[in-house]
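Visitor: Structure: work.cif, mmCIF, C-alpha atoms.
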data_structure
#
loop_
_atom_site.label_atom_id
_atom_site.label_comp_id
_atom_site.auth_asym_id
_atom_site.auth_seq_id
_atom_site.Cartn_x
_atom_site.Cartn_y
_atom_site.Cartn_z
CA MET A 1 101.26 52.94 72.69
CA ARG A 2 101.06 56.41 71.22
CA LYS A 3 102.86 59.37 72.74
CA PHE A 4 100.89 62.22 74.26
CA THR A 5 101.50 65.84 73.40
CA THR A 6 102.23 68.32 76.16
CA ARG A 7 98.75 69.78 75.65
CA GLU A 8 97.11 66.36 76.08
CA LEU A 9 99.16 65.56 79.17
CA THR A 10 98.28 68.95 80.66
CA LEU A 11 94.58 68.42 79.95
CA ALA A 12 94.66 64.96 81.54
CA ALA A 13 96.42 66.36 84.63
CA PHE A 14 93.92 69.21 84.86
CA VAL A 15 91.00 66.77 84.68
CA ALA A 16 92.60 64.57 87.37
CA ALA A 17 93.00 67.54 89.70
CA LEU A 18 89.50 68.86 88.98
CA TYR A 19 87.97 65.41 89.58
CA ALA A 20 89.74 65.06 92.93
CA VAL A 21 88.79 68.57 94.09
CA MET A 22 85.15 68.19 93.02
CA SER A 23 84.95 64.84 94.83
CA TYR A 24 86.56 66.24 97.95
CA PHE A 25 84.01 69.04 98.17
CA GLY A 26 81.17 66.62 97.41
CA ASN A 27 82.39 64.54 100.33
CA VAL A 28 81.79 67.52 102.64
CA PHE A 29 78.08 67.02 101.91
CA GLY A 30 78.26 63.20 102.09
CA LEU A 31 77.62 62.74 98.36
CA THR A 32 80.88 61.15 97.21
CA PHE A 33 80.84 57.70 98.83
CA GLY A 34 78.28 55.09 99.83
CA GLY A 35 75.39 53.21 98.29
CA ILE A 36 73.51 56.40 97.50
CA GLN A 37 76.05 58.70 95.94
CA CYS A 38 75.92 61.65 93.63
CA ARG A 39 79.58 62.26 92.81
CA PHE A 40 79.51 65.52 90.86
CA ALA A 41 83.04 64.89 89.58
CA GLU A 42 81.56 62.10 87.46
CA THR A 43 80.22 64.86 85.21
CA LEU A 44 83.72 64.91 83.76
CA CYS A 45 83.35 61.28 82.61
CA VAL A 46 81.79 62.49 79.34
CA LEU A 47 84.96 64.38 78.36
CA PRO A 48 86.69 61.37 76.72
CA PHE A 49 84.03 61.59 74.01
CA PHE A 50 85.76 64.78 72.85
CA PHE A 51 89.22 64.37 74.36
CA PRO A 52 90.42 60.74 74.62
CA CYS A 53 93.50 61.85 76.60
CA THR A 54 91.23 62.65 79.56
CA VAL A 55 90.67 58.91 80.14
CA TYR A 56 93.86 58.73 82.18
CA GLY A 57 93.16 61.97 84.03
CA LEU A 58 89.78 60.63 85.12
CA PHE A 59 91.40 57.42 86.32
CA VAL A 60 94.06 59.26 88.34
CA GLY A 61 91.51 61.72 89.77
CA CYS A 62 89.24 58.85 90.81
CA LEU A 63 92.19 56.95 92.29
CA ILE A 64 93.14 60.00 94.38
CA THR A 65 89.52 60.44 95.46
CA ASN A 66 89.12 56.79 96.41
CA LEU A 67 92.05 57.05 98.79
CA MET A 68 89.48 58.75 101.10
CA SER A 69 86.93 55.96 100.67
CA THR A 70 85.34 54.26 103.65
CA VAL A 71 85.55 50.97 101.74
CA GLY A 72 89.34 51.25 101.52
CA PRO A 73 91.43 49.12 99.15
CA LEU A 74 88.36 47.67 97.45
CA ASP A 75 87.23 51.11 96.30
CA ILE A 76 90.75 52.21 95.46
CA VAL A 77 91.09 49.28 93.05
CA PHE A 78 87.60 48.50 91.79
CA GLY A 79 86.07 51.98 91.96
CA SER A 80 89.01 53.44 90.06
CA MET A 81 88.90 50.62 87.51
CA ALA A 82 85.18 51.25 86.98
CA THR A 83 85.94 54.86 86.08
CA LEU A 84 88.83 53.83 83.82
CA LEU A 85 86.67 51.30 81.97
CA ALA A 86 83.79 53.78 81.66
CA ALA A 87 86.09 56.52 80.34
CA MET A 88 87.67 54.18 77.79
CA TRP A 89 84.24 53.07 76.63
CA THR A 90 82.97 56.67 76.47
CA ALA A 91 85.88 57.61 74.18
CA ARG A 92 84.60 54.98 71.74
CA MET A 93 80.91 55.92 71.79
CA PRO A 94 79.50 56.50 68.29
CA ASN A 95 77.51 59.61 69.18
CA ARG A 96 77.13 62.27 71.82
CA SER A 97 73.77 61.08 73.18
CA LEU A 98 75.27 57.70 74.16
CA ALA A 99 78.39 59.16 75.83
CA PRO A 100 76.85 59.27 79.36
CA LEU A 101 75.79 55.62 79.25
CA PRO A 102 79.14 53.85 80.00
CA PRO A 103 79.70 55.56 83.37
CA VAL A 104 76.19 54.62 84.49
CA ILE A 105 76.58 50.97 83.51
CA CYS A 106 80.18 50.49 84.70
CA ASN A 107 79.71 52.19 88.05
CA GLY A 108 76.31 50.61 88.66
CA VAL A 109 77.63 47.10 88.11
CA ILE A 110 81.18 47.33 89.47
CA VAL A 111 80.65 49.71 92.38
CA GLY A 112 77.28 48.11 93.19
CA ALA A 113 78.99 44.69 93.43
CA MET A 114 81.85 46.12 95.46
CA ILE A 115 79.52 47.72 98.00
CA ALA A 116 77.41 44.55 98.24
CA TRP A 117 80.50 42.42 98.85
CA TYR A 118 81.70 44.91 101.47
CA GLU A 119 78.31 44.83 103.24
CA VAL A 120 77.42 41.11 103.16
CA GLY A 121 80.24 39.21 101.43
CA PHE A 122 79.39 36.38 99.05
CA THR A 123 76.50 35.08 101.13
CA GLY A 124 72.98 34.13 100.16
CA THR A 125 71.91 37.76 100.38
CA PHE A 126 74.58 39.02 97.99
CA LEU A 127 72.36 39.15 94.88
CA PRO A 128 69.51 41.23 96.34
CA VAL A 129 71.98 43.56 98.09
CA PHE A 130 73.95 43.85 94.84
CA ALA A 131 70.79 44.63 92.85
CA LEU A 132 69.78 47.36 95.29
CA ASN A 133 73.26 48.90 95.43
CA ALA A 134 73.70 48.72 91.65
CA LEU A 135 70.36 50.47 91.21
CA TRP A 136 71.22 53.29 93.65
CA VAL A 137 74.74 53.81 92.31
CA ALA A 138 73.50 53.78 88.70
CA LEU A 139 70.68 56.19 89.56
CA GLY A 140 73.04 58.68 91.21
CA GLU A 141 75.45 58.31 88.31
CA ALA A 142 72.68 58.80 85.75
CA VAL A 143 71.52 62.02 87.41
CA VAL A 144 75.04 63.44 87.27
CA VAL A 145 76.22 62.28 83.84
CA PHE A 146 72.97 62.71 81.93
CA LEU A 147 72.02 66.08 83.41
CA LEU A 148 75.32 67.81 84.15
CA GLY A 149 77.38 65.72 81.73
CA GLY A 150 74.74 66.32 79.06
CA LEU A 151 75.15 70.03 79.59
CA LEU A 152 78.92 69.63 79.25
CA LEU A 153 78.44 67.61 76.05
CA LYS A 154 76.38 70.46 74.65
CA LYS A 155 78.60 73.37 75.77
CA VAL A 156 82.13 72.07 75.09
CA PRO A 157 81.72 72.11 71.27
CA GLN A 158 80.22 75.62 71.50
CA SER A 159 83.43 76.96 73.02
CA GLU A 160 85.46 78.54 70.25
CA TYR A 161 88.71 77.75 72.05
CA LEU A 162 87.92 74.08 72.83
CA ARG A 163 86.42 73.36 69.40
CA GLN A 164 89.86 73.56 67.79
CA PHE A 165 90.98 70.51 69.80
CA ILE A 166 87.92 68.37 69.15
CA PRO A 167 88.13 66.01 66.15
CA GLU A 168 85.85 67.17 63.31
CA LYS A 169 83.61 64.08 63.53
CA ARG A 170 82.91 64.79 67.25
CA GLN A 171 81.91 68.45 66.81
CA LYS A 172 78.48 67.79 65.33
#
What does the file become when written as structure tokens?

Guide:
Amino acid sequence: MRKFTTRELTLAAFVAALYAVMSYFGNVFGLTFGGIQCRFAETLCVLPFFFPCTVYGLFVGCLITNLMSTVGPLDIVFGSMATLLAAMWTARMPNRSLAPLPPVICNGVIVGAMIAWYEVGFTGTFLPVFALNALWVALGEAVVVFLLGGLLLKKVPQSEYLRQFIPEKRQK
């Protein structure tokens, strides 16, 4: 395992705090949890494309957020793991236009299954409930990461300050 620089550790901690705060305020409007969710903090899930160290910050921020979840331990474990997996996958995306895709897929499948299991268990109605929940979670995720995350993907490399920390192959 490679060692992180102080700058990378600070960036990861900042992203964790920002994710938790954004989720907390989204929860005030009922957008953070549930089958139909639009968690604005998920915008940050595109950052590992430029800054791989933010993978762990996203995981910690999501873990902190999921401590407030109505689903409880299921969301703390599986919801946080969905974000970790999506962030790790995003860091390995070949180009910027594909960077928002992993959070949509991971959260749609994992969180959709988690909500379905929470609602009906592994009964005969699990598959249709899963399909519906996966669709709604993925749709909410897609709105956030493709629209707002897309804007972030466009603006981060334009920042003179941030550009110095982005690997050359990711700036184009």

Visitor: So the first atom is CA of Met81 (chain A) and the second is CA of Val145 (chain A); what is the distance between them in Å, to one decimal place?

Guide: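 Answer for the CA of Met81 (chain A) to CA of Val145 (chain A) separation: 17.6 Å.
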
Visitor: Please write as JSON, numbers by chain the list of polymer residues whose atoms come within 9 Å of (88.0, 56.8, 79.3), counting all atoms listed in the file and keeping to the coordinates of the file.

Guide: {"A": [45, 46, 47, 48, 49, 52, 53, 54, 55, 56, 57, 58, 59, 83, 84, 85, 86, 87, 88, 89, 90, 91, 92]}

Visitor: Could you write out that same residue set with C-alpha atoms as a short mmCIF file (atom, residue, chain, number, x, y, z; two decimals), keeping the file's coordinate frame?

Guide:
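Output file again.cif is given in full below:
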data_model
loop_
_atom_site.label_atom_id
_atom_site.label_comp_id
_atom_site.auth_asym_id
_atom_site.auth_seq_id
_atom_site.Cartn_x
_atom_site.Cartn_y
_atom_site.Cartn_z
CA CYS A 45 83.35 61.28 82.61
CA VAL A 46 81.79 62.49 79.34
CA LEU A 47 84.96 64.38 78.36
CA PRO A 48 86.69 61.37 76.72
CA PHE A 49 84.03 61.59 74.01
CA PRO A 52 90.42 60.74 74.62
CA CYS A 53 93.50 61.85 76.60
CA THR A 54 91.23 62.65 79.56
CA VAL A 55 90.67 58.91 80.14
CA TYR A 56 93.86 58.73 82.18
CA GLY A 57 93.16 61.97 84.03
CA LEU A 58 89.78 60.63 85.12
CA PHE A 59 91.40 57.42 86.32
CA THR A 83 85.94 54.86 86.08
CA LEU A 84 88.83 53.83 83.82
CA LEU A 85 86.67 51.30 81.97
CA ALA A 86 83.79 53.78 81.66
CA ALA A 87 86.09 56.52 80.34
CA MET A 88 87.67 54.18 77.79
CA TRP A 89 84.24 53.07 76.63
CA THR A 90 82.97 56.67 76.47
CA ALA A 91 85.88 57.61 74.18
CA ARG A 92 84.60 54.98 71.74
#

Visitor: So how many Å separate CA of Ala16 (chain A) and CA of Ile76 (chain A), to one decimal?

Guide: 14.9 Å

Visitor: Write out as a ChimeraX atom specification which residues come within 12 Å of Pro100 (chain A) when counting only C-alpha atoms, dropping same-chain ones fewer than 2 positions away.

Guide: /A:42-49,86-87,89-98,102-107,138,141-153

Visitor: If the PyMOL selection byres ((chain A and resi 39) around 9) were run on this exact file, what residues would it hold? Put them as a ChimeraX atom specification.

Guide: /A:22-23,26-27,31-33,37-38,40-43,140-141,144

Visitor: CA of Trp117 (chain A) to CA of Phe130 (chain A): how many Å, to one decimal?

Guide: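 Straight-line distance from CA of Trp117 (chain A) to CA of Phe130 (chain A) works out to 7.8 Å.
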
Visitor: Draw an axis-aligned box over all listed atoms of region 156-171 of chain A, pad each side with 6 Å, and write its centre and edge lengths in Å, one decimal, as lines of an AutoDock Vina configuration file.

Guide:
center_x = 85.6
center_y = 71.3
center_z = 69.2
size_x = 22.8
size_y = 26.5
size_z = 23.8

Visitor: Using the chain letters and numbering of this document, enumerate as a PyMOL selection string the residues selected by the PyMOL selection byres ((chain A and resi 129) around 9).

Guide: chain A and resi 112-113+115-117+119-120+125-128+130-134

Visitor: Please write the residues picked by the PyMOL selection byres ((chain A and resi 71) around 12) on this file as a VMD selection string.

Guide: chain A and resid 33 to 35 66 to 70 72 to 79 111 114 to 119

Visitor: So that I have them on file, write out the residues from the current selection with C-alpha atoms, as a compact mmCIF listing (two decimals), in the coordinates of the input.

Guide:
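So again_23.txt came out as:
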# COMPACT_ATOMS: atom_id res chain seq x y z
CA PHE A 33 80.84 57.70 98.83
CA GLY A 34 78.28 55.09 99.83
CA GLY A 35 75.39 53.21 98.29
CA ASN A 66 89.12 56.79 96.41
CA LEU A 67 92.05 57.05 98.79
CA MET A 68 89.48 58.75 101.10
CA SER A 69 86.93 55.96 100.67
CA THR A 70 85.34 54.26 103.65
CA GLY A 72 89.34 51.25 101.52
CA PRO A 73 91.43 49.12 99.15
CA LEU A 74 88.36 47.67 97.45
CA ASP A 75 87.23 51.11 96.30
CA ILE A 76 90.75 52.21 95.46
CA VAL A 77 91.09 49.28 93.05
CA PHE A 78 87.60 48.50 91.79
CA GLY A 79 86.07 51.98 91.96
CA VAL A 111 80.65 49.71 92.38
CA MET A 114 81.85 46.12 95.46
CA ILE A 115 79.52 47.72 98.00
CA ALA A 116 77.41 44.55 98.24
CA TRP A 117 80.50 42.42 98.85
CA TYR A 118 81.70 44.91 101.47
CA GLU A 119 78.31 44.83 103.24
